[in-house]
file upload.cif (mmCIF, C-alpha atoms)
data_entry
loop_
_atom_site.group_PDB
_atom_site.id
_atom_site.type_symbol
_atom_site.label_atom_id
_atom_site.label_comp_id
_atom_site.auth_asym_id
_atom_site.auth_seq_id
_atom_site.Cartn_x
_atom_site.Cartn_y
_atom_site.Cartn_z
ATOM 1 C CA MET A 184 105.649 109.248 105.932
ATOM 2 C CA ASN A 185 104.237 105.955 104.672
ATOM 3 C CA HIS A 186 105.720 105.428 101.196
ATOM 4 C CA TRP A 187 103.522 102.425 100.432
ATOM 5 C CA HIS A 188 104.499 102.619 96.744
ATOM 6 C CA PHE A 189 108.110 101.769 97.675
ATOM 7 C CA ILE A 190 106.888 98.793 99.711
ATOM 8 C CA LEU A 191 104.678 97.669 96.833
ATOM 9 C CA GLY A 192 107.575 98.017 94.381
ATOM 10 C CA ALA A 193 109.853 95.932 96.601
ATOM 11 C CA TYR A 194 107.362 93.126 97.326
ATOM 12 C CA GLY A 195 105.872 93.132 93.820
ATOM 13 C CA VAL A 196 109.220 92.728 92.058
ATOM 14 C CA THR A 197 110.308 90.044 94.560
ATOM 15 C CA LEU A 198 107.104 88.096 93.887
ATOM 16 C CA ALA A 199 107.531 88.504 90.116
ATOM 17 C CA VAL A 200 111.158 87.322 90.283
ATOM 18 C CA ALA A 201 110.148 84.220 92.276
ATOM 19 C CA ALA A 202 107.280 83.459 89.856
ATOM 20 C CA ILE A 203 109.558 83.819 86.814
ATOM 21 C CA GLU A 204 112.223 81.627 88.420
ATOM 22 C CA ILE A 205 109.700 78.869 89.243
ATOM 23 C CA LEU A 206 108.206 78.939 85.722
ATOM 24 C CA ALA A 207 111.680 78.934 84.133
ATOM 25 C CA VAL A 208 112.795 75.915 86.173
ATOM 26 C CA ARG A 209 109.580 74.024 85.324
ATOM 27 C CA ALA A 210 110.039 74.785 81.618
ATOM 28 C CA ARG A 211 113.696 73.736 81.757
ATOM 29 C CA ARG A 212 112.801 70.433 83.433
ATOM 30 C CA ARG A 213 110.117 69.685 80.833
ATOM 31 C CA ALA A 214 112.593 70.458 78.017
ATOM 32 C CA ALA A 215 115.235 68.266 79.684
ATOM 33 C CA ALA A 216 112.740 65.383 79.983
ATOM 34 C CA ARG A 217 111.871 65.733 76.282
ATOM 35 C CA THR A 218 115.564 65.708 75.299
ATOM 36 C CA ALA A 219 116.211 62.669 77.525
ATOM 37 C CA ALA A 220 113.202 60.908 75.982
ATOM 38 C CA ALA A 221 114.529 61.623 72.465
ATOM 39 C CA SER A 222 117.896 60.282 73.543
ATOM 40 C CA ALA A 223 116.279 57.141 74.979
ATOM 41 C CA ARG A 224 114.378 56.501 71.708
ATOM 42 C CA GLU A 225 117.578 56.649 69.689
ATOM 43 C CA PRO A 226 120.251 54.940 71.793
ATOM 44 C CA GLY A 227 123.825 55.757 70.882
ATOM 45 C CA THR A 228 122.986 59.118 69.301
ATOM 46 C CA ARG A 229 123.070 62.519 70.912
ATOM 47 C CA PRO A 230 120.550 65.266 70.044
ATOM 48 C CA ALA A 231 121.715 67.543 67.226
ATOM 49 C CA ASN A 232 120.827 70.612 69.278
ATOM 50 C CA PRO A 233 121.769 69.821 72.891
ATOM 51 C CA VAL A 234 120.046 71.645 75.750
ATOM 52 C CA ARG A 235 121.755 74.935 76.538
ATOM 53 C CA GLY A 236 124.180 74.673 79.455
ATOM 54 C CA ALA A 237 124.103 70.879 79.573
ATOM 55 C CA MET B 37 121.357 54.368 110.354
ATOM 56 C CA ALA B 38 124.409 56.047 108.842
ATOM 57 C CA LEU B 39 123.894 57.952 105.600
ATOM 58 C CA ASN B 40 125.962 56.728 102.697
ATOM 59 C CA TRP B 41 127.305 60.074 101.484
ATOM 60 C CA PHE B 42 129.292 58.527 98.624
ATOM 61 C CA LYS B 43 126.150 56.857 97.289
ATOM 62 C CA LEU B 44 124.272 60.186 97.510
ATOM 63 C CA SER B 45 127.007 61.948 95.527
ATOM 64 C CA SER B 46 125.899 60.010 92.441
ATOM 65 C CA PRO B 47 123.318 61.882 90.291
ATOM 66 C CA ALA B 48 121.285 58.670 89.906
ATOM 67 C CA SER B 49 120.963 58.291 93.700
ATOM 68 C CA PHE B 50 120.418 61.972 94.450
ATOM 69 C CA TYR B 51 117.764 62.568 91.766
ATOM 70 C CA PRO B 52 114.917 60.767 93.654
ATOM 71 C CA VAL B 53 116.098 62.148 97.029
ATOM 72 C CA ALA B 54 115.842 65.700 95.640
ATOM 73 C CA GLY B 55 112.377 64.900 94.295
ATOM 74 C CA THR B 56 111.262 63.807 97.771
ATOM 75 C CA LEU B 57 112.716 66.881 99.490
ATOM 76 C CA ILE B 58 111.332 69.561 97.120
ATOM 77 C CA PRO B 59 107.631 69.472 98.239
ATOM 78 C CA TRP B 60 108.642 69.663 101.914
ATOM 79 C CA PHE B 61 110.862 72.699 101.436
ATOM 80 C CA ALA B 62 108.430 74.382 99.021
ATOM 81 C CA GLY B 63 105.506 73.805 101.404
ATOM 82 C CA GLY B 64 107.591 75.021 104.351
ATOM 83 C CA ALA B 65 108.542 78.150 102.408
ATOM 84 C CA ALA B 66 104.882 78.915 101.610
ATOM 85 C CA VAL B 67 103.728 78.449 105.227
ATOM 86 C CA LEU B 68 106.640 80.422 106.692
ATOM 87 C CA THR B 69 106.160 83.244 104.156
ATOM 88 C CA ALA B 70 102.503 83.528 105.230
ATOM 89 C CA ILE B 71 103.503 83.623 108.926
ATOM 90 C CA GLY B 72 106.353 86.063 108.240
ATOM 91 C CA LEU B 73 104.122 88.449 106.275
ATOM 92 C CA TRP B 74 101.466 88.289 109.007
ATOM 93 C CA LEU B 75 104.115 89.138 111.627
ATOM 94 C CA GLY B 76 105.641 91.817 109.394
ATOM 95 C CA PHE B 77 102.449 93.585 108.335
ATOM 96 C CA GLY B 78 99.900 92.568 110.978
ATOM 97 C CA VAL B 79 101.842 92.431 114.231
ATOM 98 C CA ALA B 80 105.066 94.472 113.977
ATOM 99 C CA PRO B 81 104.500 98.142 114.869
ATOM 100 C CA THR B 82 105.182 101.164 112.683
ATOM 101 C CA ASP B 83 108.740 102.487 113.102
ATOM 102 C CA PHE B 84 108.826 105.842 114.860
ATOM 103 C CA GLN B 85 111.504 107.228 112.507
ATOM 104 C CA GLN B 86 110.940 105.495 109.148
ATOM 105 C CA GLY B 87 107.193 104.966 109.266
ATOM 106 C CA GLU B 88 105.914 102.024 107.199
ATOM 107 C CA VAL B 89 108.746 101.850 104.667
ATOM 108 C CA TYR B 90 110.974 99.902 107.086
ATOM 109 C CA ARG B 91 108.727 96.875 106.303
ATOM 110 C CA ILE B 92 110.939 96.309 103.243
ATOM 111 C CA ILE B 93 113.329 94.815 105.837
ATOM 112 C CA PHE B 94 111.309 91.571 105.771
ATOM 113 C CA ILE B 95 112.546 90.806 102.242
ATOM 114 C CA HIS B 96 115.683 92.951 102.018
ATOM 115 C CA VAL B 97 117.618 91.356 104.897
ATOM 116 C CA PRO B 98 116.712 87.706 104.069
ATOM 117 C CA SER B 99 117.657 88.163 100.400
ATOM 118 C CA ALA B 100 120.931 89.919 101.332
ATOM 119 C CA TRP B 101 121.848 87.127 103.792
ATOM 120 C CA LEU B 102 120.954 84.476 101.225
ATOM 121 C CA SER B 103 122.933 86.205 98.460
ATOM 122 C CA MET B 104 126.113 85.865 100.549
ATOM 123 C CA PHE B 105 125.366 82.448 102.021
ATOM 124 C CA LEU B 106 124.452 80.886 98.659
ATOM 125 C CA TYR B 107 127.749 82.118 97.264
ATOM 126 C CA VAL B 108 129.673 80.401 100.089
ATOM 127 C CA VAL B 109 127.658 77.195 99.547
ATOM 128 C CA MET B 110 128.337 77.410 95.793
ATOM 129 C CA ALA B 111 132.083 77.865 96.438
ATOM 130 C CA PHE B 112 131.986 74.865 98.821
ATOM 131 C CA TRP B 113 130.477 72.657 96.100
ATOM 132 C CA GLY B 114 132.965 74.153 93.638
ATOM 133 C CA ALA B 115 135.821 73.112 95.931
ATOM 134 C CA LEU B 116 134.396 69.578 96.105
ATOM 135 C CA ALA B 117 134.066 69.479 92.304
ATOM 136 C CA LEU B 118 137.666 70.605 91.952
ATOM 137 C CA GLY B 119 139.055 68.373 94.701
ATOM 138 C CA PHE B 120 137.146 65.147 94.101
ATOM 139 C CA GLY B 121 135.857 65.578 90.558
ATOM 140 C CA THR B 122 132.344 64.521 91.567
ATOM 141 C CA ARG B 123 129.759 65.236 88.881
ATOM 142 C CA LEU B 124 127.022 66.158 91.334
ATOM 143 C CA SER B 125 129.181 68.918 92.923
ATOM 144 C CA GLY B 126 129.597 70.633 89.566
ATOM 145 C CA MET B 127 125.879 70.324 88.907
ATOM 146 C CA MET B 128 125.184 71.820 92.325
ATOM 147 C CA THR B 129 127.280 74.935 91.566
ATOM 148 C CA GLN B 130 125.405 75.230 88.269
ATOM 149 C CA ALA B 131 122.055 74.983 90.077
ATOM 150 C CA ILE B 132 122.894 77.513 92.820
ATOM 151 C CA ALA B 133 124.276 80.357 90.670
ATOM 152 C CA PRO B 134 120.977 81.646 89.141
ATOM 153 C CA THR B 135 119.161 81.655 92.505
ATOM 154 C CA GLY B 136 122.141 83.421 94.106
ATOM 155 C CA ALA B 137 122.083 86.038 91.360
ATOM 156 C CA LEU B 138 118.340 86.606 91.825
ATOM 157 C CA MET B 139 118.743 86.931 95.608
ATOM 158 C CA THR B 140 121.494 89.511 95.050
ATOM 159 C CA PHE B 141 119.290 91.391 92.590
ATOM 160 C CA ILE B 142 116.387 91.404 95.086
ATOM 161 C CA ALA B 143 118.708 92.652 97.857
ATOM 162 C CA LEU B 144 119.940 95.500 95.630
ATOM 163 C CA TRP B 145 116.471 96.357 94.308
ATOM 164 C CA THR B 146 114.733 96.385 97.699
ATOM 165 C CA GLY B 147 117.676 98.228 99.274
ATOM 166 C CA SER B 148 117.430 100.872 96.582
ATOM 167 C CA LEU B 149 113.684 101.332 97.184
ATOM 168 C CA TRP B 150 114.315 101.543 100.915
ATOM 169 C CA GLY B 151 117.206 103.984 100.451
ATOM 170 C CA ARG B 152 115.226 106.589 98.474
ATOM 171 C CA PRO B 153 112.791 107.593 101.263
ATOM 172 C CA THR B 154 115.247 107.090 104.145
ATOM 173 C CA TRP B 155 118.561 108.362 102.720
ATOM 174 C CA GLY B 156 117.184 110.494 99.895
ATOM 175 C CA THR B 157 118.888 108.445 97.144
ATOM 176 C CA TYR B 158 118.330 105.164 95.300
ATOM 177 C CA TRP B 159 122.034 104.455 95.046
ATOM 178 C CA ALA B 160 125.367 105.506 96.526
ATOM 179 C CA TRP B 161 128.783 104.073 95.739
ATOM 180 C CA ASP B 162 129.390 103.130 99.352
ATOM 181 C CA ALA B 163 131.284 99.994 100.373
ATOM 182 C CA ARG B 164 128.298 97.772 101.255
ATOM 183 C CA MET B 165 126.296 98.517 98.103
ATOM 184 C CA THR B 166 129.301 98.398 95.760
ATOM 185 C CA SER B 167 130.567 95.076 97.146
ATOM 186 C CA GLU B 168 127.045 93.616 96.847
ATOM 187 C CA LEU B 169 126.931 94.802 93.212
ATOM 188 C CA ILE B 170 130.294 93.060 92.639
ATOM 189 C CA LEU B 171 128.681 89.897 94.057
ATOM 190 C CA LEU B 172 125.947 90.158 91.407
ATOM 191 C CA PHE B 173 128.617 90.514 88.705
ATOM 192 C CA LEU B 174 130.429 87.459 90.105
ATOM 193 C CA TYR B 175 127.252 85.375 89.897
ATOM 194 C CA LEU B 176 126.572 86.630 86.346
ATOM 195 C CA GLY B 177 130.215 85.961 85.412
ATOM 196 C CA ILE B 178 129.970 82.372 86.638
ATOM 197 C CA ILE B 179 126.733 81.815 84.691
ATOM 198 C CA ALA B 180 128.253 83.370 81.545
ATOM 199 C CA LEU B 181 131.472 81.369 81.914
ATOM 200 C CA ARG B 182 129.494 78.129 82.023
ATOM 201 C CA GLN B 183 127.541 79.121 78.907
ATOM 202 C CA ALA B 184 130.804 79.922 77.103
ATOM 203 C CA ILE B 185 132.369 76.495 77.731
ATOM 204 C CA GLY B 186 130.678 73.707 75.821
ATOM 205 C CA GLU B 187 132.127 70.721 77.683
ATOM 206 C CA PRO B 188 130.324 70.392 81.040
ATOM 207 C CA ARG B 189 133.214 68.933 83.078
ATOM 208 C CA ARG B 190 135.591 71.688 81.926
ATOM 209 C CA ALA B 191 132.877 74.260 82.690
ATOM 210 C CA ASP B 192 132.532 72.741 86.189
ATOM 211 C CA ARG B 193 136.240 73.215 86.874
ATOM 212 C CA ALA B 194 136.385 76.758 85.468
ATOM 213 C CA CYS B 195 133.285 77.848 87.423
ATOM 214 C CA ALA B 196 134.639 76.190 90.570
ATOM 215 C CA VAL B 197 137.861 78.218 90.339
ATOM 216 C CA LEU B 198 135.977 81.484 89.768
ATOM 217 C CA SER B 199 133.540 80.802 92.632
ATOM 218 C CA ILE B 200 136.395 79.963 95.049
ATOM 219 C CA VAL B 201 138.357 83.077 94.062
ATOM 220 C CA GLY B 202 135.238 85.244 94.359
ATOM 221 C CA VAL B 203 134.402 84.038 97.863
ATOM 222 C CA VAL B 204 136.859 86.655 99.182
ATOM 223 C CA ASN B 205 134.143 89.226 98.392
ATOM 224 C CA VAL B 206 131.725 87.758 100.978
ATOM 225 C CA PRO B 207 133.588 88.874 104.151
ATOM 226 C CA ILE B 208 134.200 92.217 102.417
ATOM 227 C CA ILE B 209 130.418 92.664 102.029
ATOM 228 C CA TYR B 210 129.727 91.550 105.596
ATOM 229 C CA TYR B 211 132.389 93.665 107.301
ATOM 230 C CA SER B 212 132.190 96.653 104.928
ATOM 231 C CA VAL B 213 129.965 98.556 107.350
ATOM 232 C CA LYS B 214 132.619 98.100 110.057
ATOM 233 C CA TRP B 215 135.758 98.631 108.004
ATOM 234 C CA TRP B 216 134.584 101.745 106.157
ATOM 235 C CA ASN B 217 132.429 104.715 106.935
ATOM 236 C CA THR B 218 129.333 103.781 104.913
ATOM 237 C CA LEU B 219 125.896 105.227 104.281
ATOM 238 C CA HIS B 220 124.485 101.754 104.945
ATOM 239 C CA GLN B 221 123.646 101.116 108.576
ATOM 240 C CA GLY B 222 125.557 98.586 110.674
ATOM 241 C CA ALA B 223 124.271 95.110 111.573
ATOM 242 C CA SER B 224 121.051 95.133 113.632
ATOM 243 C CA VAL B 225 121.291 91.401 114.405
ATOM 244 C CA LYS B 226 124.453 90.059 116.039
ATOM 245 C CA LEU B 227 125.318 86.918 117.975
ATOM 246 C CA THR B 228 125.252 89.036 121.148
ATOM 247 C CA GLY B 229 121.697 90.294 120.516
ATOM 248 C CA ALA B 230 119.507 92.405 118.266
ATOM 249 C CA SER B 231 118.867 96.150 118.363
ATOM 250 C CA MET B 232 115.265 95.974 117.145
ATOM 251 C CA GLU B 233 111.765 95.382 118.448
ATOM 252 C CA THR B 234 110.966 91.693 119.165
ATOM 253 C CA THR B 235 108.086 91.274 116.674
ATOM 254 C CA MET B 236 110.115 93.004 113.919
ATOM 255 C CA LEU B 237 112.985 90.613 114.636
ATOM 256 C CA ALA B 238 110.640 87.592 114.702
ATOM 257 C CA GLY B 239 109.107 88.553 111.333
ATOM 258 C CA MET B 240 112.539 89.047 109.805
ATOM 259 C CA LEU B 241 113.881 85.726 111.096
ATOM 260 C CA VAL B 242 110.780 83.786 109.970
ATOM 261 C CA MET B 243 111.053 85.354 106.499
ATOM 262 C CA SER B 244 114.759 84.458 106.435
ATOM 263 C CA VAL B 245 113.947 80.781 107.061
ATOM 264 C CA ALA B 246 111.203 81.020 104.399
ATOM 265 C CA PHE B 247 113.750 82.393 101.884
ATOM 266 C CA TRP B 248 116.100 79.561 102.849
ATOM 267 C CA PHE B 249 113.432 76.938 102.247
ATOM 268 C CA TYR B 250 112.465 78.541 98.923
ATOM 269 C CA SER B 251 116.114 78.581 97.816
ATOM 270 C CA ILE B 252 116.642 74.924 98.740
ATOM 271 C CA ALA B 253 113.448 73.887 96.911
ATOM 272 C CA ILE B 254 114.201 75.845 93.727
ATOM 273 C CA VAL B 255 117.892 74.816 93.653
ATOM 274 C CA LEU B 256 116.914 71.144 94.034
ATOM 275 C CA ALA B 257 114.293 71.506 91.264
ATOM 276 C CA ARG B 258 116.875 73.119 88.956
ATOM 277 C CA LEU B 259 119.402 70.443 89.926
ATOM 278 C CA ARG B 260 116.964 67.723 88.800
ATOM 279 C CA ALA B 261 116.603 69.460 85.427
ATOM 280 C CA ILE B 262 120.403 69.733 85.118
ATOM 281 C CA ILE B 263 120.808 66.045 85.985
ATOM 282 C CA LEU B 264 118.310 65.162 83.220
ATOM 283 C CA GLU B 265 120.188 67.400 80.753
ATOM 284 C CA ARG B 266 123.634 66.087 81.523
ATOM 285 C CA GLU B 267 122.808 62.426 82.104
ATOM 286 C CA ARG B 268 120.285 62.178 79.261
ATOM 287 C CA ASP B 269 122.144 59.289 77.604
ATOM 288 C CA ALA B 270 122.297 57.210 80.798
ATOM 289 C CA ALA B 271 120.086 54.133 80.986
ATOM 290 C CA TRP B 272 118.641 55.079 84.392
ATOM 291 C CA VAL B 273 117.383 58.426 82.964
ATOM 292 C CA GLY B 274 115.616 56.631 80.132
ATOM 293 C CA ALA B 275 113.877 54.426 82.712
ATOM 294 C CA LEU B 276 112.500 57.382 84.732
ATOM 295 C CA PRO B 277 108.654 57.565 84.626
ATOM 296 C CA GLU B 278 108.663 61.259 83.616
ATOM 297 C CA VAL B 279 111.015 60.531 80.687
ATOM 298 C CA ARG B 280 109.157 57.369 79.661
ATOM 299 C CA ASN B 281 105.844 59.238 79.731
ATOM 300 C CA VAL B 282 107.228 61.933 77.409
ATOM 301 C CA ALA B 283 108.683 59.256 75.125
ATOM 302 C CA GLY B 284 105.315 57.450 75.130
ATOM 303 C CA VAL B 285 103.449 60.617 74.112
ATOM 304 C CA ALA B 286 105.922 61.379 71.321
ATOM 305 C CA ARG B 287 105.848 57.831 69.960
#

call {"tool": "encode", "arguments": {"input": "upload.cif", "output": "structure tokens"}}
result
Amino acid sequence: MNHWHFILGAYGVTLAVAAIEILAVRARRRAAARTAAASAREPGTRPANPVRGA
Amino acid sequence: MALNWFKLSSPASFYPVAGTLIPWFAGGAAVLTAIGLWLGFGVAPTDFQQGEVYRIIFIHVPSAWLSMFLYVVMAFWGALALGFGTRLSGMMTQAIAPTGALMTFIALWTGSLWGRPTWGTYWAWDARMTSELILLFLYLGIIALRQAIGEPRRADRACAVLSIVGVVNVPIIYYSVKWWNTLHQGASVKLTGASMETTMLAGMLVMSVAFWFYSIAIVLARLRAIILERERDAAWVGALPEVRNVAGVAR
């Protein structure tokens, strides 16, 4: 009664979720830095398409 | 040296502090995960009833604990946002919600894969599982509510109210195995002691701390992104090296 495929499914999905979360946060931070840089170049104006959730 | 908490509650002051803390927590999470997996797969014995499949415990229990604890922490920051109107508190609730939702998803997913070989079913509408599913919906509701409200300060207040109201679900999840006759087993780890083999317990506790460290690191990283998004027009954001570098490349 080993059921290694259940163990693999549990650990594999957990690892995938963590990897996706890390990549998503990195991408969000890069996008936020770009938006902030655009804002800094044009003081007094806000981006036409603000970052989602900001 | 006393910490100046009021100074730290400003996004401009907390942004560099978070940047300093992230590598320590991320590194700690990586090291502790390696130790926890070694204890869980290399040292802990095979269970005499469940065989090898019990080893899902090393991610199921930490993620389930974190799913509840992160919700309480999020509600705490929500209460601060509501009570004091501090911007950083609202940003903190925004940063915690996605990680809390993912922890809840992992707890449900791993529990389901553990339930199939041990109980004979992936899912049952018992009190523990149903209340944990409601927790996932609460997290998703808070994320959706924020997306639906354009103005960030109004979104902070609305999400704070929902997170505080929803915190009532956390004791229901925790005590569900005591209050109702559930398929889910009772708590193996209590303040009075643990009803499991020492190396199994050690692996589970080390993995729990690893999950904690991971959550702190990823929440702080997301918080820094949120600070950049919401404070993008502030002069101090424009002066940040990472923002100036991007601006320099684009110029």

call {"tool": "closest_residue", "arguments": {"input": "upload.cif", "among": "B:Val89, B:Val242, B:Ala115, B:Leu68", "to": "chain A", "atoms": "only C-alpha atoms"}}
result
B:Val89

call {"tool": "resolve_selection", "arguments": {"input": "upload.cif", "expression": "the PyMOL selection byres ((chain B) within 8 of (chain A))", "output": "PyMOL selection string"}}
result
chain B and resi 86-89+91-92+95+138+142+145-146+149-150+153+182-183+186+188+254+257-258+260-262+264-266+268-269+271+273-274+278-280+282-283

call {"tool": "axis_aligned_box", "arguments": {"input": "upload.cif", "around": "region 195-206 of chain A", "padding_each_side": "3 Å", "output": "JSON"}}
result
{"center_x": 109.0, "center_y": 86.0, "center_z": 90.1, "size_x": 12.4, "size_y": 20.3, "size_z": 14.8}

call {"tool": "resolve_selection", "arguments": {"input": "upload.cif", "expression": "the PyMOL selection byres ((chain B and resi 104) around 10)", "output": "list in words"}}
result
Ser99, Ala100, Trp101, Leu102, Ser103, Phe105, Leu106, Tyr107, Val108, Val109, Met110, Gly136, Met139, Thr140, Glu168, Leu171, Val203, Asn205, Val206, Pro207, Ile209 and Tyr210 of chain B

call {"tool": "atom_distance", "arguments": {"input": "upload.cif", "atom1": "CA of Ser251 (chain B)", "atom2": "CA of Gly119 (chain B)"}}
result
25.3 Å

call {"tool": "resolve_selection", "arguments": {"input": "upload.cif", "expression": "the PyMOL selection byres ((chain B and resi 72) around 12)", "output": "mmCIF file with C-alpha atoms, keeping the file's coordinate frame"}}
result
data_model
loop_
_atom_site.group_PDB
_atom_site.id
_atom_site.type_symbol
_atom_site.label_atom_id
_atom_site.label_comp_id
_atom_site.auth_asym_id
_atom_site.auth_seq_id
_atom_site.Cartn_x
_atom_site.Cartn_y
_atom_site.Cartn_z
ATOM 1 C CA GLY B 64 107.591 75.021 104.351
ATOM 2 C CA ALA B 65 108.542 78.150 102.408
ATOM 3 C CA ALA B 66 104.882 78.915 101.610
ATOM 4 C CA VAL B 67 103.728 78.449 105.227
ATOM 5 C CA LEU B 68 106.640 80.422 106.692
ATOM 6 C CA THR B 69 106.160 83.244 104.156
ATOM 7 C CA ALA B 70 102.503 83.528 105.230
ATOM 8 C CA ILE B 71 103.503 83.623 108.926
ATOM 9 C CA LEU B 73 104.122 88.449 106.275
ATOM 10 C CA TRP B 74 101.466 88.289 109.007
ATOM 11 C CA LEU B 75 104.115 89.138 111.627
ATOM 12 C CA GLY B 76 105.641 91.817 109.394
ATOM 13 C CA PHE B 77 102.449 93.585 108.335
ATOM 14 C CA GLY B 78 99.900 92.568 110.978
ATOM 15 C CA VAL B 79 101.842 92.431 114.231
ATOM 16 C CA ALA B 80 105.066 94.472 113.977
ATOM 17 C CA ARG B 91 108.727 96.875 106.303
ATOM 18 C CA ILE B 93 113.329 94.815 105.837
ATOM 19 C CA PHE B 94 111.309 91.571 105.771
ATOM 20 C CA ILE B 95 112.546 90.806 102.242
ATOM 21 C CA PRO B 98 116.712 87.706 104.069
ATOM 22 C CA THR B 235 108.086 91.274 116.674
ATOM 23 C CA MET B 236 110.115 93.004 113.919
ATOM 24 C CA LEU B 237 112.985 90.613 114.636
ATOM 25 C CA ALA B 238 110.640 87.592 114.702
ATOM 26 C CA GLY B 239 109.107 88.553 111.333
ATOM 27 C CA MET B 240 112.539 89.047 109.805
ATOM 28 C CA LEU B 241 113.881 85.726 111.096
ATOM 29 C CA VAL B 242 110.780 83.786 109.970
ATOM 30 C CA MET B 243 111.053 85.354 106.499
ATOM 31 C CA SER B 244 114.759 84.458 106.435
ATOM 32 C CA VAL B 245 113.947 80.781 107.061
ATOM 33 C CA ALA B 246 111.203 81.020 104.399
ATOM 34 C CA PHE B 247 113.750 82.393 101.884
#

call {"tool": "atom_distance", "arguments": {"input": "upload.cif", "atom1": "CA of Met127 (chain B)", "atom2": "CA of Ala199 (chain A)"}}
result
25.9 Å

call {"tool": "atom_distance", "arguments": {"input": "upload.cif", "atom1": "CA of Ala62 (chain B)", "atom2": "CA of Leu206 (chain A)"}}
result
14.1 Å
